[in-house]
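structure.txt, holding compact mmCIF, C-alpha atoms:
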```
# COMPACT_ATOMS: atom_id res chain seq x y z
CA MET P 1 -11.61 3.96 -15.09
CA SER P 2 -13.00 7.38 -15.91
CA LEU P 3 -12.20 10.29 -13.67
CA THR P 4 -15.76 11.51 -14.03
CA ARG P 5 -16.34 9.45 -10.89
CA ARG P 6 -17.28 11.45 -7.83
CA HIS P 7 -13.81 11.08 -6.29
CA PHE P 8 -12.31 13.39 -8.90
CA LEU P 9 -14.86 15.70 -10.48
CA ALA P 10 -17.80 15.70 -8.06
CA SER P 11 -16.24 16.93 -4.84
CA SER P 12 -18.55 18.02 -2.06
CA ALA P 13 -19.06 21.65 -1.14
CA ALA P 14 -17.41 20.99 2.20
CA THR P 15 -14.28 19.56 0.60
CA ALA P 16 -14.08 22.37 -1.93
CA ALA P 17 -14.35 24.95 0.82
CA ALA P 18 -11.66 23.23 2.85
CA MET P 19 -9.28 23.21 -0.10
CA THR P 20 -9.85 26.84 -1.09
CA ALA P 21 -7.04 27.91 1.21
CA ILE P 22 -4.45 26.12 -0.92
CA ALA P 23 -5.81 26.94 -4.38
CA ARG P 24 -3.08 28.46 -6.55
CA PRO P 25 -3.40 30.68 -9.63
CA ALA P 26 -2.40 29.07 -12.93
CA ALA P 27 0.66 31.26 -13.21
CA ALA P 28 2.05 30.41 -9.77
CA ALA P 29 5.84 30.26 -10.04
CA ALA P 30 6.44 27.64 -7.36
CA PRO P 31 4.93 24.15 -7.49
CA LEU P 32 2.47 23.00 -4.84
CA HIS P 33 4.45 21.51 -1.95
CA VAL P 34 2.89 18.21 -0.86
CA VAL P 35 4.02 15.93 1.96
CA ALA P 36 2.90 12.27 1.71
CA THR P 37 3.41 9.83 4.55
CA THR P 38 3.88 6.55 2.66
CA GLY P 39 5.75 5.70 -0.51
CA MET P 40 2.58 4.52 -2.23
CA LEU P 41 0.91 7.89 -1.67
CA ALA P 42 4.02 9.83 -2.69
CA ASP P 43 4.23 7.86 -5.94
CA ALA P 44 0.65 8.76 -6.83
CA VAL P 45 1.21 12.45 -6.06
CA ARG P 46 4.40 12.57 -8.17
CA ALA P 47 2.80 10.77 -11.11
CA ILE P 48 -0.37 12.87 -11.10
CA GLY P 49 1.09 16.20 -10.05
CA GLY P 50 4.10 16.02 -12.35
CA PRO P 51 5.98 19.33 -12.58
CA ASP P 52 3.12 21.13 -10.85
CA VAL P 53 4.01 19.67 -7.45
CA SER P 54 7.04 19.06 -5.28
CA VAL P 55 6.69 15.97 -3.11
CA THR P 56 8.28 15.03 0.19
CA GLY P 57 7.76 11.40 1.16
CA LEU P 58 8.24 10.67 4.86
CA MET P 59 8.62 6.88 4.86
CA GLY P 60 11.20 5.28 2.61
CA PRO P 61 12.10 1.66 1.76
CA GLY P 62 11.92 -0.80 4.64
CA ILE P 63 10.01 1.60 6.91
CA ASP P 64 7.11 0.18 8.90
CA PRO P 65 4.25 2.75 8.94
CA HIS P 66 2.50 1.03 11.86
CA SER P 67 5.30 1.99 14.25
CA TYR P 68 6.66 5.11 12.55
CA ARG P 69 6.74 8.27 14.64
CA GLN P 70 7.17 11.70 13.12
CA THR P 71 10.63 13.21 13.47
CA ARG P 72 11.41 16.86 14.09
CA SER P 73 12.17 17.32 10.38
CA ASP P 74 8.86 15.64 9.48
CA ILE P 75 6.98 18.10 11.68
CA VAL P 76 8.73 21.04 10.03
CA ALA P 77 7.97 19.64 6.56
CA MET P 78 4.28 19.09 7.29
CA THR P 79 3.73 22.43 8.96
CA ARG P 80 5.33 24.19 5.97
CA ALA P 81 3.59 22.11 3.29
CA ASP P 82 0.70 23.36 1.18
CA LEU P 83 -0.96 19.96 1.63
CA THR P 84 -0.24 16.85 3.69
CA ILE P 85 -1.64 13.54 2.44
CA TRP P 86 -1.74 10.58 4.79
CA HIS P 87 -3.24 7.14 4.41
CA GLY P 88 -5.65 6.86 7.32
CA LEU P 89 -7.50 3.72 8.47
CA TYR P 90 -5.12 3.74 11.44
CA LEU P 91 -2.10 2.77 9.33
CA GLU P 92 0.03 5.61 10.72
CA ALA P 93 -1.08 4.75 14.24
CA GLN P 94 1.73 6.59 16.02
CA MET P 95 1.24 9.76 13.93
CA GLU P 96 -2.53 9.95 13.96
CA GLU P 97 -2.90 12.32 16.92
CA PHE P 98 -0.42 14.77 15.41
CA LEU P 99 -2.03 14.60 11.95
CA LYS P 100 -5.49 15.25 13.34
CA GLU P 101 -4.22 18.22 15.31
CA LEU P 102 -2.39 19.53 12.23
CA SER P 103 -5.63 19.33 10.23
CA THR P 104 -7.10 22.07 12.43
CA ARG P 105 -4.45 24.48 11.13
CA LYS P 106 -3.32 23.21 7.73
CA PRO P 107 -4.81 21.32 4.75
CA VAL P 108 -4.54 17.61 5.60
CA PHE P 109 -6.19 14.77 3.71
CA ALA P 110 -6.50 11.02 4.52
CA ALA P 111 -6.75 9.41 1.09
CA ALA P 112 -7.75 5.86 2.05
CA GLU P 113 -10.65 7.16 4.11
CA GLU P 114 -12.38 7.86 0.77
CA ILE P 115 -13.04 4.15 0.31
CA GLU P 116 -16.57 3.10 1.23
CA ARG P 117 -16.65 1.13 4.46
CA LYS P 118 -18.52 -1.75 2.84
CA SER P 119 -15.46 -2.36 0.64
CA LEU P 120 -13.09 -2.63 3.60
CA ILE P 121 -12.07 -5.70 5.59
CA SER P 122 -12.98 -5.37 9.25
CA HIS P 123 -10.16 -5.49 11.78
CA PRO P 124 -10.38 -8.80 13.67
CA ASP P 125 -9.38 -7.27 17.00
CA TYR P 126 -10.90 -3.77 17.07
CA THR P 127 -14.50 -2.70 16.59
CA ASN P 128 -15.09 -0.10 13.88
CA ARG P 129 -11.54 -0.40 12.57
CA HIS P 130 -10.44 -1.89 9.29
CA ASP P 131 -7.46 -3.50 7.61
CA PRO P 132 -5.54 -0.50 6.20
CA HIS P 133 -3.55 -2.38 3.52
CA VAL P 134 -5.89 -1.39 0.69
CA TRP P 135 -3.06 -0.75 -1.82
CA MET P 136 -2.62 -4.52 -2.10
CA ASP P 137 -5.73 -4.59 -4.31
CA PRO P 138 -5.05 -2.32 -7.33
CA GLY P 139 -8.77 -2.18 -8.11
CA LEU P 140 -9.48 -0.78 -4.65
CA TRP P 141 -6.45 1.51 -4.69
CA ARG P 142 -7.90 3.45 -7.61
CA THR P 143 -10.29 5.21 -5.23
CA PRO P 144 -7.58 6.92 -3.10
CA VAL P 145 -5.62 7.70 -6.28
CA ALA P 146 -8.63 9.38 -7.91
CA ALA P 147 -9.26 11.30 -4.68
CA ILE P 148 -5.66 12.55 -4.70
CA ALA P 149 -6.12 13.73 -8.29
CA GLU P 150 -9.24 15.60 -7.25
CA ARG P 151 -7.46 17.40 -4.41
CA LEU P 152 -4.53 18.39 -6.60
CA ALA P 153 -6.85 19.75 -9.30
CA GLU P 154 -8.75 21.76 -6.69
CA ALA P 155 -5.53 23.17 -5.31
CA LEU P 156 -4.25 24.05 -8.80
CA PRO P 157 -7.36 24.91 -10.83
CA GLY P 158 -5.32 26.40 -13.65
CA ARG P 159 -3.54 23.07 -14.07
CA ALA P 160 -6.59 20.84 -13.65
CA GLU P 161 -6.60 19.64 -17.26
CA ALA P 162 -2.97 18.52 -17.16
CA ILE P 163 -3.49 16.91 -13.76
CA GLY P 164 -6.54 15.08 -15.11
CA GLN P 165 -4.57 13.74 -18.09
CA ARG P 166 -1.76 12.47 -15.88
CA ALA P 167 -4.29 10.94 -13.51
CA GLU P 168 -6.00 9.09 -16.36
CA ALA P 169 -2.61 7.72 -17.48
CA TYR P 170 -1.64 6.62 -13.97
CA LEU P 171 -5.02 5.00 -13.34
CA GLY P 172 -4.62 3.25 -16.68
CA GLN P 173 -1.38 1.73 -15.40
CA ILE P 174 -3.20 0.50 -12.29
CA ILE P 175 -5.96 -1.08 -14.39
CA ALA P 176 -3.33 -2.86 -16.51
CA LEU P 177 -1.60 -3.98 -13.31
CA ASP P 178 -4.85 -5.43 -11.97
CA ASP P 179 -5.41 -7.31 -15.24
CA TYR P 180 -1.85 -8.68 -15.17
CA ALA P 181 -2.20 -9.77 -11.55
CA ASP P 182 -5.45 -11.57 -12.26
CA LYS P 183 -3.98 -13.43 -15.22
CA MET P 184 -0.69 -14.41 -13.56
CA LEU P 185 -2.20 -15.45 -10.25
CA THR P 186 -4.84 -17.53 -12.02
CA SER P 187 -1.93 -19.53 -13.44
CA VAL P 188 -1.11 -20.74 -9.90
CA PRO P 189 -2.70 -24.18 -9.31
CA GLU P 190 -5.68 -23.81 -6.99
CA PRO P 191 -4.32 -26.03 -4.19
CA ALA P 192 -1.18 -23.87 -4.08
CA ARG P 193 -3.01 -20.56 -3.65
CA VAL P 194 -1.94 -20.10 -0.04
CA LEU P 195 0.16 -17.08 0.85
CA VAL P 196 2.11 -17.27 4.12
CA THR P 197 3.77 -14.00 5.16
CA ALA P 198 5.31 -12.26 8.15
CA HIS P 199 2.25 -10.18 9.00
CA ASP P 200 -1.31 -10.01 7.77
CA ALA P 201 -0.83 -7.32 5.10
CA PHE P 202 -2.19 -9.27 2.13
CA GLY P 203 -5.86 -9.65 3.03
CA TYR P 204 -7.09 -7.42 0.19
CA PHE P 205 -4.71 -9.18 -2.20
CA GLY P 206 -6.13 -12.54 -1.19
CA ARG P 207 -9.72 -11.37 -1.53
CA ALA P 208 -9.07 -9.86 -4.97
CA TYR P 209 -7.26 -12.83 -6.47
CA GLY P 210 -8.63 -15.85 -4.64
CA PHE P 211 -5.74 -16.64 -2.29
CA GLU P 212 -5.89 -17.85 1.28
CA VAL P 213 -3.61 -15.59 3.32
CA LEU P 214 -1.89 -16.61 6.54
CA GLY P 215 0.00 -13.90 8.42
CA ILE P 216 2.14 -14.85 11.39
CA GLN P 217 1.51 -11.50 13.07
CA GLY P 218 -1.75 -9.60 12.90
CA ILE P 219 -2.71 -6.67 10.68
CA SER P 220 -0.39 -4.36 12.63
CA THR P 221 3.26 -5.23 13.10
CA GLU P 222 2.83 -3.87 16.61
CA SER P 223 1.09 -7.14 17.50
CA GLU P 224 3.23 -10.01 18.73
CA ALA P 225 3.34 -13.49 17.24
CA GLY P 226 3.27 -15.89 20.16
CA LEU P 227 4.68 -19.40 20.19
CA SER P 228 1.18 -20.81 19.87
CA ARG P 229 0.57 -18.85 16.65
CA ILE P 230 3.88 -19.98 15.16
CA ALA P 231 3.09 -23.58 16.11
CA GLU P 232 -0.35 -23.23 14.52
CA VAL P 233 1.09 -21.97 11.23
CA VAL P 234 3.79 -24.68 11.26
CA ASP P 235 1.06 -27.28 11.66
CA THR P 236 -0.74 -25.83 8.64
CA LEU P 237 2.44 -25.91 6.56
CA VAL P 238 3.08 -29.54 7.42
CA THR P 239 -0.45 -30.94 7.17
CA ARG P 240 -1.22 -29.14 3.90
CA GLY P 241 2.21 -29.62 2.33
CA ILE P 242 2.85 -25.89 1.81
CA ALA P 243 6.40 -25.53 0.54
CA SER P 244 6.91 -21.75 0.20
CA VAL P 245 6.61 -18.84 2.61
CA PHE P 246 7.49 -15.18 2.06
CA VAL P 247 9.43 -12.53 3.94
CA GLU P 248 8.64 -8.81 3.77
CA SER P 249 10.96 -5.90 3.16
CA SER P 250 9.63 -3.86 6.09
CA VAL P 251 9.23 -6.66 8.67
CA SER P 252 11.84 -8.76 10.44
CA ASP P 253 12.20 -12.26 9.00
CA ARG P 254 12.64 -13.76 12.49
CA ASN P 255 9.18 -15.34 12.66
CA VAL P 256 9.35 -16.66 9.10
CA ARG P 257 12.68 -18.34 9.92
CA ALA P 258 11.02 -19.86 12.99
CA LEU P 259 8.35 -21.37 10.71
CA ILE P 260 10.97 -22.94 8.48
CA GLU P 261 12.84 -24.39 11.46
CA GLY P 262 9.62 -25.67 13.01
CA ALA P 263 8.55 -27.38 9.81
CA ALA P 264 12.02 -28.89 9.34
CA ALA P 265 11.84 -30.36 12.85
CA ARG P 266 8.74 -32.23 11.69
CA GLY P 267 10.37 -33.47 8.49
CA HIS P 268 8.80 -30.94 6.12
CA ASP P 269 10.99 -28.71 3.94
CA VAL P 270 9.82 -25.13 3.50
CA ARG P 271 11.71 -22.51 1.51
CA ILE P 272 11.49 -18.75 1.28
CA GLY P 273 9.67 -18.00 -1.96
CA GLY P 274 10.99 -14.45 -2.08
CA GLU P 275 10.84 -11.05 -0.44
CA LEU P 276 7.63 -9.07 -0.88
CA TYR P 277 6.92 -5.38 -0.54
CA SER P 278 4.12 -4.99 1.98
CA ASP P 279 4.09 -1.68 3.89
CA ALA P 280 6.83 0.02 1.89
CA MET P 281 8.02 0.07 -1.71
CA GLY P 282 11.47 -0.56 -3.14
CA VAL P 283 14.46 1.76 -3.46
CA PRO P 284 13.67 5.20 -4.95
CA GLY P 285 14.76 5.49 -8.56
CA THR P 286 14.05 1.82 -9.29
CA TYR P 287 10.96 0.30 -10.89
CA GLU P 288 10.20 -1.46 -7.60
CA GLY P 289 10.31 1.97 -5.98
CA THR P 290 7.04 2.85 -7.72
CA TYR P 291 3.58 1.57 -6.90
CA PRO P 292 3.19 -0.29 -10.23
CA GLY P 293 6.64 -1.82 -9.78
CA MET P 294 5.91 -2.81 -6.20
CA ILE P 295 2.76 -4.72 -7.12
CA ASP P 296 4.28 -6.15 -10.32
CA HIS P 297 7.15 -7.49 -8.21
CA ASN P 298 4.84 -9.05 -5.62
CA VAL P 299 2.55 -10.66 -8.19
CA THR P 300 5.45 -12.05 -10.22
CA ILE P 301 7.34 -13.40 -7.18
CA ILE P 302 4.22 -15.01 -5.66
CA ALA P 303 3.03 -16.56 -8.90
CA GLU P 304 6.47 -17.94 -9.73
CA ALA P 305 7.12 -19.38 -6.26
CA LEU P 306 3.73 -21.08 -6.06
CA GLY P 307 3.81 -22.77 -9.46
CA GLY P 308 2.39 -20.13 -11.79
CA THR P 309 3.85 -19.00 -15.09
CA PRO P 310 4.64 -15.27 -14.96
CA PRO P 311 7.28 -13.69 -17.19
CA PRO P 312 10.53 -13.61 -15.14
CA GLN P 313 10.91 -9.83 -15.48
CA GLY P 314 7.28 -9.04 -14.80
CA MET P 315 4.50 -7.23 -16.60
CA GLN P 316 6.68 -4.61 -18.28
CA ASN P 317 9.93 -6.60 -18.38
CA MET P 318 11.33 -4.11 -15.87
CA LEU P 319 11.83 -6.03 -12.65
CA ASN P 320 15.30 -5.83 -11.17
CA ARG P 321 15.96 -9.57 -11.21
CA GLU P 322 18.45 -11.85 -12.87
CA ALA P 323 16.84 -13.40 -15.93
```

Take the structure in the file and write it out as structure tokens.
Amino acid sequence: MSLTRRHFLASSAATAAAMTAIARPAAAAAPLHVVATTGMLADAVRAIGGPDVSVTGLMGPGIDPHSYRQTRSDIVAMTRADLTIWHGLYLEAQMEEFLKELSTRKPVFAAAEEIERKSLISHPDYTNRHDPHVWMDPGLWRTPVAAIAERLAEALPGRAEAIGQRAEAYLGQIIALDDYADKMLTSVPEPARVLVTAHDAFGYFGRAYGFEVLGIQGISTESEAGLSRIAEVVDTLVTRGIASVFVESSVSDRNVRALIEGAAARGHDVRIGGELYSDAMGVPGTYEGTYPGMIDHNVTIIAEALGGTPPPQGMQNMLNREA
């Protein structure tokens, strides 16, 4: 995808004016200090900003952004940062009031809000709200990534060319990831394209690749899965012969275990197909601790568990799995 798109090169006058306060001369000695709320955002900033930025990520592996509240050290980091990037779409629900107040004093940018509303999945429970898990569709995730590149180039005009080159390379990885996902998930037999997970974080994934998605909890992990919902999903597992369900790294596996026990009580064996990264990436310093590695892992695990034919070590032969 070319960065000539409006999200990178054609910024509005209002946005440009807002970012003027953090523009740095080309010869600035210190890198731009950026705070990013989620691991997915932090990965994009690191990849695109390179040596021209220093990045503080607030939420690490296994952290649930729906319930995360800013700590005292987070507040200090954000108030001292040159730029704070958050996701938006009500993902950081407990931080939203603070972030909006901070935006009246410091440069703050909600990257996922750049996505056109017609491309978003409406929230089933709240009017005018949307499913925030847009990173699950690499094709859709390119829009926030390109918007991040635009903001970094505006903040560092003397480094815009280098930032643009790194952005093109990173977006190229995302395009390749989307192509890989499409190919591997198409290898799953159509009747098996049902993804059962702890909470409803895979809606965009399902829409992009033709999977039916069943989350035990709702879009937010703050919602509760009642006994009736668990019984409903168990009934679906049994009547449709679904044999694999998935746990998530940032969500308790309690409800998934309840599904397995409920299905077993009705004579139907269900296994855990693997652990997926939903609201957080893997351990920093690992391939799974990057956005491409996170999605590569998910696609490979899902395709393999549901009867597809992915390479065991994923798209780049880099997954941290036993061969």

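Across the structure, CA of Glu168 in chain P and CA of Gln316 in chain P are spaced 18.8 Å apart.
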
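The nearest approach to Asp178 in chain P among the residues P:Phe98, P:Phe202, P:Phe109, P:Tyr209, with all atoms listed in the file taken into account, belongs to P:Tyr209.
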
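With distances taken over all atoms listed in the file, P:Asp64 is the one residue among P:Asp235, P:Asp52, P:Glu190, P:Asp64 lying closest to Gly39 in chain P.
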
In the coordinate frame of the file, compute which residues have an atom within 10 Å of (8.0, 13.4, 4.0) when using all atoms listed in the file, and state them as an mmCIF file with C-alpha atoms, keeping the file's coordinate frame.
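Written file, result-v1.cif:
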```cif
data_model
loop_
_atom_site.group_PDB
_atom_site.id
_atom_site.type_symbol
_atom_site.label_atom_id
_atom_site.label_comp_id
_atom_site.auth_asym_id
_atom_site.auth_seq_id
_atom_site.Cartn_x
_atom_site.Cartn_y
_atom_site.Cartn_z
ATOM 1 C CA VAL P 34 2.890 18.210 -0.860
ATOM 2 C CA VAL P 35 4.020 15.930 1.960
ATOM 3 C CA ALA P 36 2.900 12.270 1.710
ATOM 4 C CA THR P 37 3.410 9.830 4.550
ATOM 5 C CA THR P 38 3.880 6.550 2.660
ATOM 6 C CA GLY P 39 5.750 5.700 -0.510
ATOM 7 C CA ALA P 42 4.020 9.830 -2.690
ATOM 8 C CA VAL P 55 6.690 15.970 -3.110
ATOM 9 C CA THR P 56 8.280 15.030 0.190
ATOM 10 C CA GLY P 57 7.760 11.400 1.160
ATOM 11 C CA LEU P 58 8.240 10.670 4.860
ATOM 12 C CA MET P 59 8.620 6.880 4.860
ATOM 13 C CA GLY P 60 11.200 5.280 2.610
ATOM 14 C CA GLN P 70 7.170 11.700 13.120
ATOM 15 C CA THR P 71 10.630 13.210 13.470
ATOM 16 C CA SER P 73 12.170 17.320 10.380
ATOM 17 C CA ASP P 74 8.860 15.640 9.480
ATOM 18 C CA ILE P 75 6.980 18.100 11.680
ATOM 19 C CA VAL P 76 8.730 21.040 10.030
ATOM 20 C CA ALA P 77 7.970 19.640 6.560
ATOM 21 C CA MET P 78 4.280 19.090 7.290
ATOM 22 C CA ALA P 81 3.590 22.110 3.290
ATOM 23 C CA THR P 84 -0.240 16.850 3.690
ATOM 24 C CA ILE P 85 -1.640 13.540 2.440
#
```

- Can you list, as a PyMOL selection string, every protein, DNA or RNA residue that comes within 8 Å of Pro132 in chain P when you count all atoms listed in the file, leaving out same-chain residues fewer than 5 positions away? chain P and resi 88-91+112

- Message: Quick one: residues within 8 Å of range 317-322 of chain P, all atoms listed in the file, excluding same-chain residues fewer than 5 positions away - as a list in words?
- Response: Thr286, Tyr287, Glu288, Gly293, Asp296, His297, Pro311 and Pro312 of chain P

First collect every listed atom of range 238-257 of chain P; then fit an axis-aligned box around them, widen it by 6 Å on each side, and give centre and edge lengths in Å to one decimal, as JSON.
```
{"center_x": 5.7, "center_y": -17.4, "center_z": 6.4, "size_x": 25.9, "size_y": 39.1, "size_z": 24.5}
```

- Please check which residues have atoms at most 12 Å from (2.5, -19.8, -13.1) in the file's coordinates, counting all atoms listed in the file, and write them as a list in words.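 Those residues lying close to the given coordinates are Ala181, Asp182, Lys183, Met184, Leu185, Thr186, Ser187, Val188, Pro189, Glu190, Ala192, Arg193, Val299, Thr300, Ile301, Ile302, Ala303, Glu304, Ala305, Leu306, Gly307, Gly308, Thr309, Pro310, Pro311, Pro312 and Gly314 of chain P.
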
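CA of Gly50 in chain P to CA of Ala30 in chain P spans 12.9 Å [interatomic distance, one decimal].
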
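Straight-line separation from CA of Pro144 in chain P to CA of Ile115 in chain P: 7.0 Å.
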
- Query: Quick one: residues within 12 Å of Gly267 in chain P, all atoms listed in the file counted, chain neighbours fewer than 5 positions away excluded, as a list in words?
  - Reply: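 Once the adjacent positions are removed, what remains is Val234, Asp235, Leu237, Val238, Thr239, Gly241, Ala243, Ile260, Glu261 and Gly262 of chain P.
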